[in-house]
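Just below is one structure, and these are the notes that go with it.
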Amino acid sequence: MARVLPFVLFAFGVWFWLKARRSVSSLVGTEAELGLLPRDRQNTELAGPDAALEHALTEARAGRWQPAAELLAATGRNRDWERRSLYARVLGEAAARDDSWLRAWRATRSGGSPDVDAELVQASATVSRAWLLRGSPYARHTTPEQADAFHELLPDARADTTRAAALGPEDPTPYIIEIRTALGVGYGPEQMRELWAEITARTPHPTSAPLYGAHEAAIQYWSERWHGSAELAGEFAAQATADAPPGTLMTALPLIAWYDHHDATATPRDYVSPRLTALVDAALADAAAAPPDHPRLPEVRHLLAYFLTRQSRHEEALEAFRQVDGQVNALPWRTRRDPAAFFTTTRTTALRGTEARTRISKGV
């Protein structure tokens, strides 16, 4: 018996290994059948699909700035400030890595009046370049040399933002861009409130819907990680949601505040607390009421996909993942060094949980 036992244990080990292999193979096959994209096919520049923006980025990399110019000009004509601020940020991030196309665009107006859209992208590019030089949003991961380069460039960012604001006096976008400078420079609370007043003066409620992108940027300032606290971030989120119409996505702000201040130390029980469950449910209803083409809706779906997974609401989470699959430049994925890996790993958890529940319901 003593001689047989090792062989029995070995056989059981092989059996469990083969079973695990079959499980993994089944999982990969299921992902493929659902049309879910692997890690290496996740776009790290965008939060959601936008054919026009993707085309503009592709053309810009090839040195052709005209599609980007046309895209931004349309948002200005339509006073679509939500989309305009998103496009300015994404195009600025692209120009921060290679601005040859932006320099060519700006050169077309040399000797004449500046192009308001080109100057808006320039402001975004300068602040994005400063953050690239910093290397990490966390001071503990930033070298003294990186910090020096970051702070040396921030005055240029403020100058570019001021110029863009002067060219488009009705446009809140330059002030939204400036929030990222406020984080780095360390605006005091009163200075930040003055900046916020410039934004809200150009988007007065109730004649204008509150801008999700502006609120999402501002709540970072009021968080403990930057220049506020958990209480101040919570107050800002509560004020934003107090009288926000359904479909404006403001109910995602309390989730962002919770994530910023609790996610790193939260226990599994914390994620299923009645309060957090209610916050997730409110954001789900808000997302369902939002216009399908709301430019920030994918960002909220990313956030919901994460929280629903942590709450073991796997079927709902998987649906959210399917709606945003292919783009990962959103909270919480972008907080990690490898956003695509974080996204696909969490998505796999939702998929496994969905499969397990299905097997249980079928008695398998």
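Identifiers in the structure tokens: chain A, B, ... in order shown; residue index from 1 per chain; ligand index from 1 in order shown.
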So that I can check the surroundings of Leu36 in chain A, please list as a PDB file with N, CA, C and O atoms, in the first residue's frame every protein, DNA and RNA residue that reaches within 12 Å of it, counting only C-alpha atoms and ignoring chain neighbours fewer than 6 positions away.
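Below you can see around06.pdb, which holds the result:
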```
ATOM      1  N   LEU A  27     -12.501  28.692 -20.617  1.00  0.00           N
ATOM      2  CA  LEU A  27     -12.644  30.118 -20.353  1.00  0.00           C
ATOM      3  C   LEU A  27     -12.193  30.932 -21.555  1.00  0.00           C
ATOM      4  O   LEU A  27     -12.863  31.851 -21.991  1.00  0.00           O
ATOM      5  N   VAL A  28     -11.019  30.575 -22.114  1.00  0.00           N
ATOM      6  CA  VAL A  28     -10.516  31.310 -23.269  1.00  0.00           C
ATOM      7  C   VAL A  28     -11.478  31.178 -24.432  1.00  0.00           C
ATOM      8  O   VAL A  28     -11.765  32.135 -25.141  1.00  0.00           O
ATOM      9  N   GLY A  29     -11.984  29.982 -24.643  1.00  0.00           N
ATOM     10  CA  GLY A  29     -12.944  29.783 -25.716  1.00  0.00           C
ATOM     11  C   GLY A  29     -14.188  30.618 -25.517  1.00  0.00           C
ATOM     12  O   GLY A  29     -14.713  31.200 -26.457  1.00  0.00           O
ATOM     13  N   THR A  30     -14.661  30.718 -24.285  1.00  0.00           N
ATOM     14  CA  THR A  30     -15.845  31.516 -23.999  1.00  0.00           C
ATOM     15  C   THR A  30     -15.578  32.986 -24.277  1.00  0.00           C
ATOM     16  O   THR A  30     -16.420  33.683 -24.839  1.00  0.00           O
ATOM     17  N   GLN A  42      -6.238  45.861 -26.413  1.00  0.00           N
ATOM     18  CA  GLN A  42      -6.954  46.910 -25.696  1.00  0.00           C
ATOM     19  C   GLN A  42      -6.302  48.268 -25.988  1.00  0.00           C
ATOM     20  O   GLN A  42      -5.092  48.428 -25.861  1.00  0.00           O
ATOM     21  N   LEU A 318     -20.214  41.696 -16.346  1.00  0.00           N
ATOM     22  CA  LEU A 318     -19.810  41.217 -17.663  1.00  0.00           C
ATOM     23  C   LEU A 318     -20.479  42.022 -18.764  1.00  0.00           C
ATOM     24  O   LEU A 318     -19.868  42.322 -19.794  1.00  0.00           O
ATOM     25  N   GLU A 319     -21.737  42.402 -18.553  1.00  0.00           N
ATOM     26  CA  GLU A 319     -22.420  43.237 -19.546  1.00  0.00           C
ATOM     27  C   GLU A 319     -21.727  44.587 -19.679  1.00  0.00           C
ATOM     28  O   GLU A 319     -21.551  45.108 -20.790  1.00  0.00           O
ATOM     29  N   ALA A 320     -21.313  45.168 -18.548  1.00  0.00           N
ATOM     30  CA  ALA A 320     -20.594  46.444 -18.601  1.00  0.00           C
ATOM     31  C   ALA A 320     -19.259  46.276 -19.327  1.00  0.00           C
ATOM     32  O   ALA A 320     -18.862  47.127 -20.129  1.00  0.00           O
ATOM     33  N   PHE A 321     -18.567  45.173 -19.056  1.00  0.00           N
ATOM     34  CA  PHE A 321     -17.294  44.910 -19.748  1.00  0.00           C
ATOM     35  C   PHE A 321     -17.505  44.780 -21.254  1.00  0.00           C
ATOM     36  O   PHE A 321     -16.704  45.281 -22.052  1.00  0.00           O
ATOM     37  N   ARG A 322     -18.568  44.118 -21.648  1.00  0.00           N
ATOM     38  CA  ARG A 322     -18.829  43.940 -23.077  1.00  0.00           C
ATOM     39  C   ARG A 322     -19.090  45.285 -23.757  1.00  0.00           C
ATOM     40  O   ARG A 322     -18.738  45.473 -24.924  1.00  0.00           O
ATOM     41  N   GLN A 323     -19.675  46.225 -23.041  1.00  0.00           N
ATOM     42  CA  GLN A 323     -19.992  47.527 -23.625  1.00  0.00           C
ATOM     43  C   GLN A 323     -18.759  48.393 -23.833  1.00  0.00           C
ATOM     44  O   GLN A 323     -18.780  49.299 -24.671  1.00  0.00           O
ATOM     45  N   VAL A 324     -17.698  48.133 -23.077  1.00  0.00           N
ATOM     46  CA  VAL A 324     -16.500  48.989 -23.170  1.00  0.00           C
ATOM     47  C   VAL A 324     -15.268  48.228 -23.628  1.00  0.00           C
ATOM     48  O   VAL A 324     -14.183  48.805 -23.715  1.00  0.00           O
ATOM     49  N   ASP A 325     -15.410  46.959 -23.935  1.00  0.00           N
ATOM     50  CA  ASP A 325     -14.253  46.147 -24.293  1.00  0.00           C
ATOM     51  C   ASP A 325     -13.517  46.740 -25.489  1.00  0.00           C
ATOM     52  O   ASP A 325     -14.136  47.147 -26.473  1.00  0.00           O
ATOM     53  N   GLY A 326     -12.205  46.805 -25.381  1.00  0.00           N
ATOM     54  CA  GLY A 326     -11.384  47.336 -26.465  1.00  0.00           C
ATOM     55  C   GLY A 326     -10.719  48.651 -26.130  1.00  0.00           C
ATOM     56  O   GLY A 326      -9.758  49.056 -26.784  1.00  0.00           O
ATOM     57  N   GLN A 327     -11.200  49.340 -25.091  1.00  0.00           N
ATOM     58  CA  GLN A 327     -10.610  50.606 -24.652  1.00  0.00           C
ATOM     59  C   GLN A 327     -10.483  50.593 -23.131  1.00  0.00           C
ATOM     60  O   GLN A 327     -11.422  50.210 -22.438  1.00  0.00           O
ATOM     61  N   PHE A 343      -7.533  45.436 -16.484  1.00  0.00           N
ATOM     62  CA  PHE A 343      -8.858  45.330 -17.081  1.00  0.00           C
ATOM     63  C   PHE A 343      -9.207  43.885 -17.408  1.00  0.00           C
ATOM     64  O   PHE A 343     -10.271  43.380 -17.009  1.00  0.00           O
ATOM     65  N   THR A 344      -8.340  43.184 -18.137  1.00  0.00           N
ATOM     66  CA  THR A 344      -8.667  41.830 -18.580  1.00  0.00           C
ATOM     67  C   THR A 344      -8.692  40.837 -17.417  1.00  0.00           C
ATOM     68  O   THR A 344      -9.483  39.898 -17.428  1.00  0.00           O
ATOM     69  N   ARG A 347     -11.983  41.423 -15.743  1.00  0.00           N
ATOM     70  CA  ARG A 347     -13.027  40.904 -16.640  1.00  0.00           C
ATOM     71  C   ARG A 347     -13.113  39.382 -16.548  1.00  0.00           C
ATOM     72  O   ARG A 347     -14.206  38.805 -16.564  1.00  0.00           O
ATOM     73  N   THR A 348     -11.957  38.720 -16.435  1.00  0.00           N
ATOM     74  CA  THR A 348     -11.946  37.264 -16.300  1.00  0.00           C
ATOM     75  C   THR A 348     -12.646  36.836 -15.016  1.00  0.00           C
ATOM     76  O   THR A 348     -13.373  35.837 -14.998  1.00  0.00           O
ATOM     77  N   LEU A 351     -16.275  36.964 -15.691  1.00  0.00           N
ATOM     78  CA  LEU A 351     -16.681  35.879 -16.575  1.00  0.00           C
ATOM     79  C   LEU A 351     -16.743  34.551 -15.832  1.00  0.00           C
ATOM     80  O   LEU A 351     -17.694  33.777 -15.982  1.00  0.00           O
TER      81      LEU A 351
END
```
Contacts of Ala288 in chain A at 8 Å or less, counting only C-alpha atoms, minus same-chain residues fewer than 3 places along, as a PDB file with C-alpha atoms, in the first residue's frame?
```
ATOM      1  CA  GLY A 247     -28.506  60.824 -17.273  1.00  0.00           C
ATOM      2  CA  LEU A 284     -26.352  52.095 -12.943  1.00  0.00           C
ATOM      3  CA  ALA A 285     -29.654  53.953 -13.200  1.00  0.00           C
TER       4      ALA A 285
END
```
### Query
Near range 256-263 of chain A, within 7 Å and counting only C-alpha atoms, which residues show up once chain neighbours fewer than 6 positions away are dropped, as a list in words?
Ala230, Ala233 and Gly234 of chain A
### Summary
The residue from A:Gly188, A:Pro210, A:Gly228, A:Pro339 with the smallest atom-to-atom distance to Thr251 in chain A, counting only C-alpha atoms, is A:Pro210
### Message
Would you pick out the contacts of Thr173 in chain A at 12 Å or less, using only C-alpha atoms, so that residues sharing its chain but fewer than 4 positions from it are not included, and give the list as number ranges by chain?
### Response
A: 72, 75-76, 79-89, 116-117, 119-121, 123-124, 161-162, 164-169, 177-180, 195-196, 198-200, 202-203, 211, 213-214, 217
### Message
List the spatial neighbours of Asp156 in chain A as a list in words - criterion: any atom at most 12 Å away, only C-alpha atoms, same-chain residues fewer than 4 positions off excluded.
### Response
Gln122, Ala123, Ser124, Ala125, Thr126, Val127, Ser128, Arg129, Ala130, Ala149, Phe150, His151, Glu152, Asp160, Thr161, Thr162, Arg163, Glu178, Thr181 and Val185 of chain A
How about saving the chosen residues, C-alpha atoms kept, as a compact mmCIF listing (two decimals), in the first residue's frame?
```
# COMPACT_ATOMS: atom_id res chain seq x y z
CA GLN A 122 -1.32 73.15 -27.28
CA ALA A 123 -2.44 73.96 -23.74
CA SER A 124 -3.53 70.36 -23.22
CA ALA A 125 -0.30 69.05 -24.71
CA THR A 126 1.89 71.17 -22.43
CA VAL A 127 0.20 70.02 -19.25
CA SER A 128 0.18 66.41 -20.51
CA ARG A 129 3.91 66.64 -21.26
CA ALA A 130 4.53 67.91 -17.75
CA ALA A 149 11.24 68.84 -14.86
CA PHE A 150 7.54 68.65 -13.97
CA HIS A 151 7.54 71.90 -12.00
CA GLU A 152 9.69 73.71 -14.57
CA ASP A 160 -0.78 78.24 -22.69
CA THR A 161 -4.06 77.80 -20.85
CA THR A 162 -4.39 81.55 -20.32
CA ARG A 163 -3.84 82.17 -24.04
CA GLU A 178 -6.15 73.99 -15.98
CA THR A 181 -2.15 72.21 -13.59
CA VAL A 185 1.14 73.53 -8.80
```
